Structures are given as structure tokens and as C-alpha cells.
$ cat target.txt   # compact mmCIF, C-alpha atoms
# COMPACT_ATOMS: atom_id res chain seq x y z
CA MET J 1 -32.84 18.19 97.65
CA ALA J 2 -29.50 16.47 97.83
CA GLU J 3 -28.23 15.55 101.29
CA GLN J 4 -25.45 17.83 102.49
CA PRO J 5 -22.24 15.99 103.33
CA ALA J 6 -21.12 16.02 106.96
CA ILE J 7 -18.46 18.56 107.81
CA ASP J 8 -15.15 16.79 108.22
CA PRO J 9 -12.43 18.85 109.96
CA MET J 10 -9.79 16.53 108.48
CA HIS J 11 -10.91 17.14 104.88
CA GLN J 12 -8.65 20.19 104.65
CA PHE J 13 -5.59 17.93 105.02
CA LEU J 14 -6.46 15.45 102.27
CA ILE J 15 -4.05 15.34 99.34
CA HIS J 16 -5.51 15.30 95.84
CA LYS J 17 -4.02 15.67 92.38
CA ILE J 18 -4.28 18.95 90.52
CA VAL J 19 -2.26 17.99 87.46
CA ASP J 20 -2.05 14.28 86.69
CA ILE J 21 1.35 13.37 85.21
CA PRO J 22 2.18 9.79 84.18
CA PRO J 23 4.62 8.11 86.60
CA ILE J 24 8.28 7.70 85.69
CA ASN J 25 9.95 4.30 85.93
CA ILE J 26 13.23 4.60 87.85
CA GLY J 27 14.91 1.24 88.33
CA GLY J 28 11.59 -0.56 88.60
CA PHE J 29 10.18 2.02 91.01
CA MET J 30 7.28 4.07 89.65
CA LEU J 31 7.77 7.69 90.69
CA ASP J 32 4.54 9.68 90.60
CA MET J 33 5.34 13.22 89.43
CA SER J 34 1.76 14.51 89.55
CA ILE J 35 1.20 18.00 90.93
CA THR J 36 -0.88 17.70 94.12
CA ASN J 37 -2.32 20.44 96.32
CA SER J 38 0.63 19.81 98.67
CA VAL J 39 3.19 20.28 95.88
CA ALA J 40 1.38 23.37 94.60
CA THR J 41 1.39 24.92 98.07
CA LEU J 42 5.09 24.21 98.48
CA LEU J 43 5.86 25.76 95.08
CA ALA J 44 3.74 28.82 95.91
CA GLY J 45 5.50 29.22 99.25
CA VAL J 46 8.96 28.93 97.72
CA ALA J 47 8.01 31.40 94.98
CA LEU J 48 6.70 33.93 97.53
CA LEU J 49 9.83 33.55 99.63
CA MET J 50 12.13 33.98 96.61
CA VAL J 51 10.30 37.13 95.54
CA PHE J 52 10.41 38.55 99.07
CA LEU J 53 14.12 37.88 99.52
CA ALA J 54 14.94 39.14 96.01
CA LEU J 55 13.14 42.41 96.73
CA THR J 56 14.81 42.82 100.12
CA ALA J 57 18.36 41.96 99.05
CA ARG J 58 18.92 44.87 96.70
CA GLY J 59 21.09 46.77 99.21
CA GLU J 60 19.11 50.01 99.35
CA ILE J 61 20.90 52.78 101.25
CA VAL J 62 17.65 53.65 102.99
CA PRO J 63 15.90 50.31 103.56
CA ASN J 64 12.18 50.06 103.02
CA ARG J 65 9.91 48.24 105.46
CA ALA J 66 10.29 44.86 103.76
CA GLN J 67 14.08 45.13 103.71
CA ALA J 68 14.12 46.26 107.34
CA ALA J 69 11.96 43.27 108.28
CA ALA J 70 14.23 40.83 106.41
CA GLU J 71 17.34 42.33 108.01
CA ALA J 72 15.71 42.14 111.44
CA LEU J 73 14.86 38.45 110.96
CA TYR J 74 18.41 37.73 109.77
CA GLY J 75 19.74 39.59 112.78
CA ILE J 76 17.58 37.53 115.13
CA ILE J 77 18.94 34.28 113.68
CA ASP J 78 22.47 35.63 114.10
CA SER J 79 22.26 37.29 117.53
CA VAL J 80 19.70 35.05 119.24
CA LEU J 81 20.56 31.61 117.85
CA VAL J 82 23.88 31.20 116.03
CA THR J 83 26.26 33.45 117.95
CA PRO J 84 25.07 32.55 121.49
CA ILE J 85 24.85 28.80 120.78
CA ILE J 86 27.70 28.12 118.34
CA GLY J 87 29.90 31.18 118.61
CA ALA J 88 31.87 32.89 115.86
CA GLY J 89 32.48 29.54 114.14
CA GLY J 90 28.81 29.30 113.30
CA ARG J 91 28.62 32.40 111.14
CA PRO J 92 29.17 30.51 107.84
CA TYR J 93 25.99 28.53 108.56
CA ILE J 94 23.71 31.51 109.21
CA PRO J 95 22.37 31.54 105.60
CA PHE J 96 21.39 27.86 105.91
CA ILE J 97 19.56 28.33 109.21
CA PHE J 98 17.98 31.58 108.02
CA THR J 99 16.69 29.93 104.81
CA LEU J 100 15.25 27.01 106.78
CA PHE J 101 13.57 29.38 109.22
CA MET J 102 12.10 31.57 106.48
CA LEU J 103 10.79 28.60 104.46
CA ILE J 104 8.94 27.08 107.43
CA LEU J 105 7.72 30.51 108.54
CA THR J 106 6.37 31.27 105.06
CA LEU J 107 4.54 27.95 104.78
CA ASN J 108 3.12 28.29 108.29
CA LEU J 109 1.90 31.85 107.76
CA MET J 110 0.35 30.95 104.41
CA SER J 111 -1.71 28.24 106.08
CA VAL J 112 -2.84 30.50 108.93
CA VAL J 113 -3.69 33.56 106.87
CA LEU J 114 -5.75 31.51 104.40
CA ALA J 115 -7.17 29.03 106.93
CA ILE J 116 -10.33 31.11 107.37
CA GLY J 117 -11.41 29.57 104.05
CA ASN J 118 -11.93 26.29 105.86
CA ILE J 119 -14.79 27.66 107.97
CA GLY J 120 -17.84 25.53 107.46
CA GLY J 121 -15.89 22.93 105.51
CA LEU J 122 -15.05 25.15 102.50
CA THR J 123 -11.47 24.23 101.66
CA LEU J 124 -9.61 27.14 100.10
CA THR J 125 -6.10 26.32 101.28
CA PHE J 126 -3.82 23.46 102.14
CA THR J 127 -1.71 23.32 105.31
CA VAL J 128 1.46 21.79 103.97
CA THR J 129 3.28 21.83 107.33
CA ALA J 130 0.43 19.74 108.77
CA GLN J 131 1.56 16.87 106.52
CA LEU J 132 3.95 14.54 108.33
CA ALA J 133 5.59 13.58 105.03
CA VAL J 134 6.61 17.22 104.48
CA THR J 135 7.84 17.94 108.01
CA ALA J 136 9.65 14.58 108.17
CA THR J 137 11.39 15.30 104.85
CA LEU J 138 12.54 18.71 106.09
CA ALA J 139 13.73 17.17 109.37
CA VAL J 140 15.58 14.25 107.76
CA ILE J 141 17.30 16.43 105.13
CA THR J 142 18.32 18.96 107.78
CA PHE J 143 19.51 16.39 110.31
CA PHE J 144 21.53 14.22 107.93
CA SER J 145 23.05 17.27 106.23
CA VAL J 146 24.42 18.27 109.62
CA PHE J 147 25.52 14.69 110.36
CA ILE J 148 27.37 14.40 107.03
CA LEU J 149 28.98 17.78 107.69
CA GLY J 150 30.35 16.29 110.90
CA PHE J 151 32.09 13.54 108.96
CA ILE J 152 33.41 16.00 106.39
CA LYS J 153 34.91 18.24 109.06
CA HIS J 154 36.14 15.64 111.55
CA GLY J 155 36.30 12.30 109.77
CA PRO J 156 35.62 8.97 111.53
CA LYS J 157 36.50 10.42 114.93
CA PHE J 158 33.13 12.18 114.78
CA LEU J 159 31.68 8.83 115.86
CA SER J 160 33.19 9.42 119.30
CA LEU J 161 30.21 11.71 119.78
CA PHE J 162 28.35 8.57 120.84
CA TRP J 163 30.97 7.44 123.35
CA VAL J 164 30.29 8.32 126.99
CA PRO J 165 33.60 8.55 128.90
CA GLY J 166 33.97 6.99 132.31
CA MET J 167 31.62 4.07 131.64
CA GLY J 168 34.22 1.40 130.99
CA ILE J 169 34.24 -0.86 127.94
CA PRO J 170 31.00 -2.86 128.58
CA GLY J 171 29.06 0.16 129.82
CA GLY J 172 30.48 2.35 127.05
CA ILE J 173 29.41 -0.09 124.32
CA ALA J 174 25.91 -0.28 125.78
CA MET J 175 25.72 3.50 125.97
CA VAL J 176 26.83 3.82 122.33
CA PHE J 177 23.63 2.11 121.21
CA ILE J 178 21.52 4.24 123.54
CA GLU J 179 23.23 7.44 122.41
CA MET J 180 22.82 6.49 118.74
CA ILE J 181 19.11 5.80 119.19
CA SER J 182 18.71 9.10 121.02
CA TYR J 183 20.67 10.93 118.31
CA PHE J 184 18.92 9.48 115.29
CA VAL J 185 15.43 9.87 116.76
CA ARG J 186 15.90 13.63 116.59
CA PRO J 187 14.37 13.97 113.10
CA VAL J 188 11.23 12.30 114.47
CA THR J 189 10.89 14.87 117.25
CA LEU J 190 11.59 17.71 114.80
CA ALA J 191 8.94 16.46 112.37
CA MET J 192 6.30 15.58 114.98
CA ARG J 193 6.54 18.91 116.81
CA LEU J 194 5.90 21.01 113.72
CA PHE J 195 3.31 18.60 112.29
CA GLY J 196 1.36 18.24 115.54
CA ASN J 197 1.12 21.95 116.31
CA MET J 198 -0.07 22.95 112.84
CA LEU J 199 -2.49 20.02 112.53
CA GLY J 200 -4.08 20.48 115.95
CA GLY J 201 -4.59 24.22 115.61
CA HIS J 202 -6.25 23.99 112.22
CA VAL J 203 -8.56 21.15 113.29
CA VAL J 204 -9.79 23.19 116.27
CA MET J 205 -10.32 26.25 114.05
CA SER J 206 -12.29 24.16 111.57
CA LEU J 207 -14.48 22.74 114.36
CA PHE J 208 -15.31 26.18 115.71
CA GLY J 209 -16.00 27.30 112.14
CA SER J 210 -18.58 24.53 111.80
CA PHE J 211 -20.15 25.70 115.08
CA VAL J 212 -20.50 29.23 113.69
CA VAL J 213 -22.37 27.96 110.62
CA GLY J 214 -24.31 25.16 112.32
CA LEU J 215 -25.54 27.17 115.29
CA GLY J 216 -26.37 30.10 113.03
CA ILE J 217 -28.53 27.91 110.82
CA PHE J 218 -30.15 26.38 113.92
CA ALA J 219 -30.99 29.86 115.24
CA LEU J 220 -32.91 30.68 112.05
CA ALA J 221 -35.61 28.25 113.19
CA GLY J 222 -36.82 30.89 115.66
CA GLY J 223 -38.16 30.49 119.15
CA ILE J 224 -35.78 29.19 121.77
CA ALA J 225 -33.49 28.14 118.93
CA THR J 226 -32.50 31.81 118.54
CA LEU J 227 -30.17 31.22 121.48
CA GLY J 228 -28.00 29.55 118.89
CA TRP J 229 -26.85 33.04 117.87
CA ILE J 230 -25.05 33.28 121.21
CA GLY J 231 -23.13 30.08 120.58
CA SER J 232 -22.44 31.12 117.02
CA GLY J 233 -21.05 34.47 118.17
CA LEU J 234 -18.91 32.87 120.86
CA SER J 235 -17.55 30.40 118.31
CA LEU J 236 -16.67 33.27 115.97
CA ALA J 237 -14.86 35.02 118.83
CA MET J 238 -12.93 31.80 119.48
CA ILE J 239 -11.88 31.66 115.83
CA VAL J 240 -10.52 35.20 116.07
CA ALA J 241 -8.61 34.31 119.24
CA LEU J 242 -7.34 31.04 117.78
CA THR J 243 -6.19 32.80 114.61
CA GLY J 244 -4.02 35.09 116.72
CA LEU J 245 -2.71 32.10 118.65
CA GLU J 246 -1.99 30.23 115.40
CA LEU J 247 0.02 33.19 114.11
CA VAL J 248 2.15 33.05 117.25
CA VAL J 249 2.53 29.27 116.93
CA ALA J 250 3.48 29.63 113.25
CA VAL J 251 6.36 31.94 114.12
CA LEU J 252 7.35 30.00 117.24
CA GLN J 253 7.50 26.61 115.49
CA ALA J 254 9.69 28.00 112.70
CA PHE J 255 11.99 29.47 115.35
CA VAL J 256 12.09 26.20 117.34
CA PHE J 257 12.97 24.22 114.20
CA ALA J 258 15.79 26.67 113.46
CA ALA J 259 16.94 26.62 117.09
CA LEU J 260 17.18 22.82 117.23
CA THR J 261 19.07 22.82 113.93
CA THR J 262 21.50 25.32 115.45
CA VAL J 263 22.00 23.00 118.44
CA TYR J 264 22.83 20.11 116.07
CA LEU J 265 25.27 22.31 114.17
CA ASN J 266 26.91 23.29 117.44
CA GLU J 267 27.81 19.64 118.05
CA VAL J 268 29.60 19.61 114.69
CA VAL J 269 31.30 23.00 114.78
CA ASN J 270 32.47 22.69 118.38
CA PHE J 271 33.11 18.95 118.27
CA GLY J 272 35.95 17.91 120.55
CA HIS J 273 35.24 20.56 123.17
CA GLY J 274 34.37 18.32 126.05
CA HIS J 275 34.69 15.06 124.06
$ encode --input "target.txt" --output "C-alpha cells"
Amino acid sequence: MAEQPAIDPMHQFLIHKIVDIPPINIGGFMLDMSITNSVATLLAGVALLMVFLALTARGEIVPNRAQAAAEALYGIIDSVLVTPIIGAGGRPYIPFIFTLFMLILTLNLMSVVLAIGNIGGLTLTFTVTAQLAVTATLAVITFFSVFILGFIKHGPKFLSLFWVPGMGIPGGIAMVFIEMISYFVRPVTLAMRLFGNMLGGHVVMSLFGSFVVGLGIFALAGGIATLGWIGSGLSLAMIVALTGLELVVAVLQAFVFAALTTVYLNEVVNFGHGH
């Protein structure tokens, strides 16, 4: 009988190719365009989100449940984030923040709802927001889009954002470097927060899933080993509890990402107020 491989809780995060496409040479750099499980999950998430928003944006006089849910989420972004933080000047950016929130929420919920497939090491899903490359890309694109918007709206004087008044010339120059480091490290904190929460939760769920299977198999030996059923049952209860917690974290992390983006936009829209 072949030896069973050890259960690896990190196996669910490994990237592998689904469709192998020859790389493209762009200026001497070989760009691999292969479809991986990460790319496939992203495409599936975007497709689901597009279908959901298309079905809920038809302007029904009497909204159905899906449309009511979409309108409620849009209203939360408007009334809880944009209007209180930015003010009326932030209304043109609500679609951007709402789209960002919905994309991260969709990807997070996909990973949680399907994560039960990882119990016992059986990988049926891929947690795309537990990949630092994905969260870092979202954070960098978001952050620098806001930064470029600042230059478009305010020109070179936007750089005065890094100047701390009242420090004098030597102290002010020193603080410029500190403020710039603090400002440009923001994408790192955005990426790490989302990545760390999704990765940690899924690893713990996978570990408890292995306990359910392992202790259950151990209990089949009979005798005192039947006590393993207790541990197996407790582990299953923990998975149920952790799944609920992961659903909360999935929503919360999408909201936090959108909230921090709103804060960055506030510095652009209301630039000069206090500078």
C-alpha cells in the first residue's frame, strides 16, 4: 500500500499552472501568461461580481433581494465611509471605493465558503487574497492611483503634504524623508493586513480539519482510542466556529481596505485644509 503523504496546511496556497501558455518576450523580459489556479480564481471572482452587479443594476421599481443588498452595500460605502471622512467632495469617488470593496469581499467570501474543501488536505479551492502578490498588487495600484490623482488635481504643490510646518529648515528637511517613508509604506500595511488575516484563518481551519480526520481514524482502532471521537467532534465544532469567524473577517477586511483607501483619498480631495 502506498504511503499517504503528510497533510500540509500550506498546500492549499501553492500556485500551480492549469493552462500552460508559452511566455511572451517583451523587451527581453519573458512574461509568463499561463493560467494558474490564482488567475482562474481571480477571473471567477470578477465574473461572479460582474454578473451580480449587472443583475442588480437594472433599476427595478420594486427591488428584489439581490438589488436591495447591492443598494445597501453602496449606501454603507457612501454614508459610513465617503461622506463622513471626505465630505461631499468625495462623492465622485464612491464607485471606485465601492468596486474595490466588492472585489475584495467577493474574493474573500469565495475562499471562505469553499474552504471546507481543504479539510483533511483535499484542496478544492484557492484563497487568492492569501497570496501576498495579489494583495500587494491591489494595494500598490490603489495607493499610487490616489497619489497620481493628487498631482493631477493639485500639481507639484501636492508635495507639500510631506512638509511639517514649524520645524525649521533642517528639521523640516529631515521630517520630509520620515514623512515620505511613512507615506509610501502604506501599500505594505494594506497588503500585509489582508494577506495575514486570510492566510492565518485558513491555516488554522486546515489544521483543525486534519484533527477531525486524524482523530476519527485513530478512534476506529477501538479501546481507549475511541476517546479520539471526542477530540474529532471538538475539532469539527471549532471548524464551524472558525468558519463563522472567517466570514466576519472576510467582510471586515474588505471594509478596512476600503476605509483606508477613503482616508488616502481624503488627503487628496481636501488637500490644503490644514496644510
$ atom_distance --input "target.txt" --atom1 "CA of Phe184 in chain J" --atom2 "CA of Phe143 in chain J"
8.5 Å
$ residues_around --input "target.txt" --residues "range 22-39 of chain J" --least-positions-apart "6" --cutoff "8 Å" --atoms "all atoms listed in the file" --output "MDAnalysis selection string"
chainID J and resid 15:16 126:128
$ residues_around --input "target.txt" --residues "range 250-258 of chain J" --least-positions-apart "4" --cutoff "8 Å" --atoms "only C-alpha atoms" --output "NGL selection string"
:J and (97-98 or 100-102 or 104-105 or 108-109 or 112 or 190 or 193-194 or 197-198 or 246 or 262)
$ closest_residue --input "target.txt" --among "J:Leu103, J:Ile21, J:Val176, J:Ile85" --to "Ala44 in chain J" --atoms "only C-alpha atoms"
J:Leu103
$ axis_aligned_box --input "target.txt" --around "range 260-270 of chain J" --padding-each-side "4 Å" --output "lines of an AutoDock Vina configuration file"
center_x = 24.8
center_y = 22.5
center_z = 116.2
size_x = 23.3
size_y = 13.7
size_z = 12.5
$ closest_residue --input "target.txt" --among "J:Ala225, J:Ala241, J:Val82, J:Ala191" --to "Ile141 in chain J" --atoms "all atoms listed in the file"
J:Ala191
$ closest_residue --input "target.txt" --among "J:Ile86, J:Glu71, J:Val46, J:Leu55" --to "Asn270 in chain J" --atoms "only C-alpha atoms"
J:Ile86
$ closest_residue --input "target.txt" --among "J:Ala40, J:Met167, J:Leu220, J:Ala130" --to "Ile18 in chain J" --atoms "all atoms listed in the file"
J:Ala40
$ atom_distance --input "target.txt" --atom1 "CA of Ser145 in chain J" --atom2 "CA of Arg91 in chain J"
16.9 Å
$ atom_distance --input "target.txt" --atom1 "CA of Val140 in chain J" --atom2 "CA of Ile173 in chain J"
25.9 Å
$ closest_residue --input "target.txt" --among "J:Val268, J:Ala68, J:Leu48, J:Leu260" --to "Lys157 in chain J" --atoms "all atoms listed in the file"
J:Val268
$ closest_residue --input "target.txt" --among "J:Pro187, J:Pro84, J:Gly171, J:Pro165" --to "Thr135 in chain J" --atoms "all atoms listed in the file"
J:Pro187
